[in-house]
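Shown below: coords_39.pdb, with PDB, C-alpha atoms.
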ATOM      1  CA  ALA R   1       0.000   0.000   0.000
ATOM      2  CA  PRO R   2       1.228   3.535  -0.600
ATOM      3  CA  PHE R   3       2.678   5.592   2.222
ATOM      4  CA  HIS R   4       0.877   8.909   2.586
ATOM      5  CA  ASP R   5       3.084  11.992   2.350
ATOM      6  CA  GLY R   6       1.144  13.720   5.130
ATOM      7  CA  SER R   7       2.228  11.025   7.570
ATOM      8  CA  PHE R   8       5.734  12.457   7.468
ATOM      9  CA  LEU R   9       4.663  16.040   8.111
ATOM     10  CA  ILE R  10       5.011  15.730  11.897
ATOM     11  CA  ALA R  11       8.588  14.439  11.603
ATOM     12  CA  SER R  12       9.409  17.242   9.200
ATOM     13  CA  ARG R  13       8.007  19.959  11.447
ATOM     14  CA  ALA R  14       9.598  18.471  14.573
ATOM     15  CA  ARG R  15      12.904  18.036  12.706
ATOM     16  CA  CYS R  16      13.255  14.509  14.039
ATOM     17  CA  PRO R  17      14.590  11.602  11.990
ATOM     18  CA  VAL R  18      12.386   8.851  10.585
ATOM     19  CA  VAL R  19      13.487   5.250  11.136
ATOM     20  CA  PRO R  20      12.287   2.843   8.422
ATOM     21  CA  VAL R  21      11.229  -0.555   9.810
ATOM     22  CA  SER R  22      10.403  -3.772   7.956
ATOM     23  CA  PHE R  23       8.722  -6.956   9.173
ATOM     24  CA  ASN R  24       8.947 -10.325   7.411
ATOM     25  CA  ASN R  25       6.871 -13.470   8.025
ATOM     26  CA  THR R  26       4.359 -11.897  10.419
ATOM     27  CA  GLU R  27       1.552 -13.793   8.686
ATOM     28  CA  ALA R  28       2.981 -17.057  10.047
ATOM     29  CA  LEU R  29       2.719 -15.662  13.574
ATOM     30  CA  PHE R  30      -0.886 -14.522  13.540
ATOM     31  CA  GLU R  31      -2.817 -14.209  10.285
ATOM     32  CA  ARG R  32      -2.704 -17.878   9.287
ATOM     33  CA  HIS R  33      -3.944 -19.049  12.710
ATOM     34  CA  LEU R  34      -6.681 -16.632  13.732
ATOM     35  CA  PRO R  35      -7.535 -16.187  16.571
ATOM     36  CA  PHE R  36      -4.454 -17.942  17.975
ATOM     37  CA  LEU R  37      -0.795 -16.962  18.025
ATOM     38  CA  ARG R  38       1.728 -19.545  16.890
ATOM     39  CA  PRO R  39       5.514 -19.566  17.284
ATOM     40  CA  ALA R  40       7.201 -18.359  14.128
ATOM     41  CA  HIS R  41      10.490 -16.956  12.890
ATOM     42  CA  VAL R  42       9.856 -13.236  12.261
ATOM     43  CA  VAL R  43      12.531 -10.917  10.888
ATOM     44  CA  VAL R  44      12.420  -7.273  11.993
ATOM     45  CA  GLU R  45      14.914  -4.798  10.543
ATOM     46  CA  PHE R  46      15.417  -1.213  11.641
ATOM     47  CA  GLY R  47      16.944   0.996   8.980
ATOM     48  CA  LYS R  48      19.202   3.968   9.492
ATOM     49  CA  PRO R  49      17.453   7.110  10.771
ATOM     50  CA  ILE R  50      16.821   9.572   7.956
ATOM     51  CA  SER R  51      16.532  13.272   8.640
ATOM     52  CA  MET R  52      13.854  15.015   6.617
ATOM     53  CA  ASP R  53      16.275  17.938   6.172
ATOM     54  CA  SER R  54      18.730  15.663   4.357
ATOM     55  CA  LEU R  55      16.267  14.857   1.553
ATOM     56  CA  ASP R  56      16.461  16.738  -1.718
ATOM     57  CA  ARG R  57      13.501  18.640  -3.159
ATOM     58  CA  GLU R  58      12.181  15.769  -5.298
ATOM     59  CA  GLN R  59      12.412  13.289  -2.424
ATOM     60  CA  LYS R  60      10.492  15.696  -0.185
ATOM     61  CA  ARG R  61       7.763  16.066  -2.823
ATOM     62  CA  HIS R  62       7.249  12.289  -2.850
ATOM     63  CA  VAL R  63       8.421  11.436   0.663
ATOM     64  CA  GLY R  64       5.881   8.626   1.100
ATOM     65  CA  GLU R  65       7.077   6.886  -2.047
ATOM     66  CA  TYR R  66      10.717   7.444  -1.017
ATOM     67  CA  PHE R  67      10.258   5.704   2.354
ATOM     68  CA  ARG R  68       8.043   2.991   0.875
ATOM     69  CA  ASN R  69      10.843   2.095  -1.532
ATOM     70  CA  ILE R  70      13.328   1.885   1.340
ATOM     71  CA  VAL R  71      11.043  -0.416   3.357
ATOM     72  CA  LEU R  72      10.208  -2.525   0.296
ATOM     73  CA  GLU R  73      13.918  -3.008  -0.403
ATOM     74  CA  MET R  74      14.440  -4.151   3.196
ATOM     75  CA  VAL R  75      11.493  -6.585   2.986
ATOM     76  CA  LEU R  76      12.750  -8.120  -0.252
ATOM     77  CA  LYS R  77      16.288  -8.430   1.130
ATOM     78  CA  ASN R  78      15.033 -10.246   4.265
ATOM     79  CA  GLN R  79      12.728 -12.712   2.500
ATOM     80  CA  LYS R  80      15.549 -15.204   2.147
ATOM     81  CA  LEU R  81      16.069 -15.188   5.954
ATOM     82  CA  VAL R  82      12.593 -16.512   6.660
TER      83      VAL R  82
END

The structure in this file should be written as structure tokens.
Amino acid sequence: APFHDGSFLIASRARCPVVPVSFNNTEALFERHLPFLRPAHVVVEFGKPISMDSLDREQKRHVGEYFRNIVLEMVLKNQKLV
């Protein structure tokens, strides 16, 4: 799903960094076994904090897409670990 640009407005105004986070294999933990939780190997990766001030003009215009691409890259990289 797309990331909404407005979601990053608070971080921009507060001048605090945004930390991209990805989760892999969460469906094995919960979604496949509703309403029960099952043990599963889940991979969580925290990316490097990114300051909104460090983004160039084009990245700021499409900040949601920029961060979505970062998270998607992390998810695809971690699929082999599951």

Range 33-46 of chain R: which residues within 12 Å, counting only C-alpha atoms, same-chain residues fewer than 4 positions away excluded, as a VMD selection string? chain R and resid 18 to 29 50 70 to 82

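Here the PyMOL selection byres ((chain R and resi 6) around 12) matches the residues R:Pro2, R:Phe3, R:His4, R:Asp5, R:Ser7, R:Phe8, R:Leu9, R:Ile10, R:Ala11, R:Ser12, R:Arg13, R:Lys60, R:Arg61, R:His62, R:Val63, R:Gly64, R:Glu65.
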
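Note that CA of Arg68 in chain R and CA of Pro17 in chain R are 15.5 Å apart.
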
What is the CA of Tyr66 in chain R-CA of Glu31 in chain R distance in Å, reported with one decimal? 27.9 Å

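Nearest residue to Arg15 in chain R among R:Gln59, R:Gly47, R:Ala1, R:Ser54 is R:Ser54, counting all atoms listed in the file.
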
Where atoms are lacking, range 5-16 of chain R completed to all heavy atoms, as a PDB file, in the coordinates of the input:
ATOM      1  N   ASP R   5       2.095  10.936   2.105  1.00  0.00           N
ATOM      2  CA  ASP R   5       3.084  11.992   2.350  1.00  0.00           C
ATOM      3  C   ASP R   5       2.790  12.757   3.634  1.00  0.00           C
ATOM      4  O   ASP R   5       3.702  13.145   4.359  1.00  0.00           O
ATOM      5  CB  ASP R   5       3.131  12.955   1.168  1.00  0.00           C
ATOM      6  CG  ASP R   5       3.652  12.296  -0.111  1.00  0.00           C
ATOM      7  OD1 ASP R   5       4.315  11.250  -0.005  1.00  0.00           O
ATOM      8  OD2 ASP R   5       3.392  12.846  -1.192  1.00  0.00           O
ATOM      9  N   GLY R   6       1.517  12.967   3.931  1.00  0.00           N
ATOM     10  CA  GLY R   6       1.144  13.720   5.130  1.00  0.00           C
ATOM     11  C   GLY R   6       1.576  13.051   6.418  1.00  0.00           C
ATOM     12  O   GLY R   6       1.740  13.715   7.443  1.00  0.00           O
ATOM     13  N   SER R   7       1.792  11.751   6.377  1.00  0.00           N
ATOM     14  CA  SER R   7       2.228  11.025   7.570  1.00  0.00           C
ATOM     15  C   SER R   7       3.605  11.483   8.035  1.00  0.00           C
ATOM     16  O   SER R   7       3.955  11.323   9.201  1.00  0.00           O
ATOM     17  CB  SER R   7       2.281   9.526   7.288  1.00  0.00           C
ATOM     18  OG  SER R   7       1.051   9.056   6.840  1.00  0.00           O
ATOM     19  N   PHE R   8       4.369  12.040   7.147  1.00  0.00           N
ATOM     20  CA  PHE R   8       5.734  12.457   7.468  1.00  0.00           C
ATOM     21  C   PHE R   8       5.821  13.936   7.845  1.00  0.00           C
ATOM     22  O   PHE R   8       6.890  14.432   8.152  1.00  0.00           O
ATOM     23  CB  PHE R   8       6.658  12.150   6.284  1.00  0.00           C
ATOM     24  CG  PHE R   8       6.719  10.688   5.976  1.00  0.00           C
ATOM     25  CD1 PHE R   8       5.847  10.122   5.061  1.00  0.00           C
ATOM     26  CD2 PHE R   8       7.624   9.865   6.620  1.00  0.00           C
ATOM     27  CE1 PHE R   8       5.877   8.770   4.779  1.00  0.00           C
ATOM     28  CE2 PHE R   8       7.663   8.501   6.345  1.00  0.00           C
ATOM     29  CZ  PHE R   8       6.783   7.957   5.431  1.00  0.00           C
ATOM     30  N   LEU R   9       4.691  14.612   7.822  1.00  0.00           N
ATOM     31  CA  LEU R   9       4.663  16.040   8.111  1.00  0.00           C
ATOM     32  C   LEU R   9       5.083  16.334   9.551  1.00  0.00           C
ATOM     33  O   LEU R   9       5.807  17.290   9.804  1.00  0.00           O
ATOM     34  CB  LEU R   9       3.261  16.596   7.842  1.00  0.00           C
ATOM     35  CG  LEU R   9       3.095  18.093   7.877  1.00  0.00           C
ATOM     36  CD1 LEU R   9       4.030  18.757   6.871  1.00  0.00           C
ATOM     37  CD2 LEU R   9       1.652  18.461   7.581  1.00  0.00           C
ATOM     38  N   ILE R  10       4.657  15.517  10.488  1.00  0.00           N
ATOM     39  CA  ILE R  10       5.011  15.730  11.897  1.00  0.00           C
ATOM     40  C   ILE R  10       6.521  15.622  12.087  1.00  0.00           C
ATOM     41  O   ILE R  10       7.133  16.454  12.759  1.00  0.00           O
ATOM     42  CB  ILE R  10       4.280  14.724  12.804  1.00  0.00           C
ATOM     43  CG1 ILE R  10       2.780  14.991  12.758  1.00  0.00           C
ATOM     44  CG2 ILE R  10       4.795  14.795  14.231  1.00  0.00           C
ATOM     45  CD1 ILE R  10       1.945  13.940  13.443  1.00  0.00           C
ATOM     46  N   ALA R  11       7.134  14.600  11.483  1.00  0.00           N
ATOM     47  CA  ALA R  11       8.588  14.439  11.603  1.00  0.00           C
ATOM     48  C   ALA R  11       9.311  15.616  10.980  1.00  0.00           C
ATOM     49  O   ALA R  11      10.321  16.084  11.503  1.00  0.00           O
ATOM     50  CB  ALA R  11       9.029  13.142  10.944  1.00  0.00           C
ATOM     51  N   SER R  12       8.783  16.107   9.871  1.00  0.00           N
ATOM     52  CA  SER R  12       9.409  17.242   9.200  1.00  0.00           C
ATOM     53  C   SER R  12       9.336  18.495  10.056  1.00  0.00           C
ATOM     54  O   SER R  12      10.328  19.206  10.219  1.00  0.00           O
ATOM     55  CB  SER R  12       8.712  17.473   7.856  1.00  0.00           C
ATOM     56  OG  SER R  12       9.285  18.563   7.191  1.00  0.00           O
ATOM     57  N   ARG R  13       8.171  18.755  10.608  1.00  0.00           N
ATOM     58  CA  ARG R  13       8.007  19.959  11.447  1.00  0.00           C
ATOM     59  C   ARG R  13       8.788  19.863  12.749  1.00  0.00           C
ATOM     60  O   ARG R  13       9.287  20.855  13.254  1.00  0.00           O
ATOM     61  CB  ARG R  13       6.537  20.204  11.734  1.00  0.00           C
ATOM     62  CG  ARG R  13       5.803  20.702  10.522  1.00  0.00           C
ATOM     63  CD  ARG R  13       4.401  21.100  10.855  1.00  0.00           C
ATOM     64  NE  ARG R  13       3.734  21.625   9.663  1.00  0.00           N
ATOM     65  CZ  ARG R  13       2.443  21.809   9.577  1.00  0.00           C
ATOM     66  NH1 ARG R  13       1.657  21.513  10.600  1.00  0.00           N
ATOM     67  NH2 ARG R  13       1.924  22.286   8.475  1.00  0.00           N
ATOM     68  N   ALA R  14       8.874  18.669  13.316  1.00  0.00           N
ATOM     69  CA  ALA R  14       9.598  18.471  14.573  1.00  0.00           C
ATOM     70  C   ALA R  14      11.095  18.342  14.344  1.00  0.00           C
ATOM     71  O   ALA R  14      11.862  18.316  15.308  1.00  0.00           O
ATOM     72  CB  ALA R  14       9.078  17.231  15.281  1.00  0.00           C
ATOM     73  N   ARG R  15      11.497  18.222  13.070  1.00  0.00           N
ATOM     74  CA  ARG R  15      12.904  18.036  12.706  1.00  0.00           C
ATOM     75  C   ARG R  15      13.521  16.823  13.399  1.00  0.00           C
ATOM     76  O   ARG R  15      14.659  16.856  13.863  1.00  0.00           O
ATOM     77  CB  ARG R  15      13.713  19.288  12.998  1.00  0.00           C
ATOM     78  CG  ARG R  15      13.276  20.463  12.161  1.00  0.00           C
ATOM     79  CD  ARG R  15      14.137  21.678  12.427  1.00  0.00           C
ATOM     80  NE  ARG R  15      13.599  22.804  11.712  1.00  0.00           N
ATOM     81  CZ  ARG R  15      14.180  23.349  10.658  1.00  0.00           C
ATOM     82  NH1 ARG R  15      15.311  22.878  10.217  1.00  0.00           N
ATOM     83  NH2 ARG R  15      13.629  24.380  10.064  1.00  0.00           N
ATOM     84  N   CYS R  16      12.735  15.748  13.470  1.00  0.00           N
ATOM     85  CA  CYS R  16      13.255  14.509  14.039  1.00  0.00           C
ATOM     86  C   CYS R  16      13.407  13.477  12.919  1.00  0.00           C
ATOM     87  O   CYS R  16      12.668  13.517  11.934  1.00  0.00           O
ATOM     88  CB  CYS R  16      12.364  13.987  15.156  1.00  0.00           C
ATOM     89  SG  CYS R  16      10.759  13.455  14.630  1.00  0.00           S
TER      90      CYS R  16
END
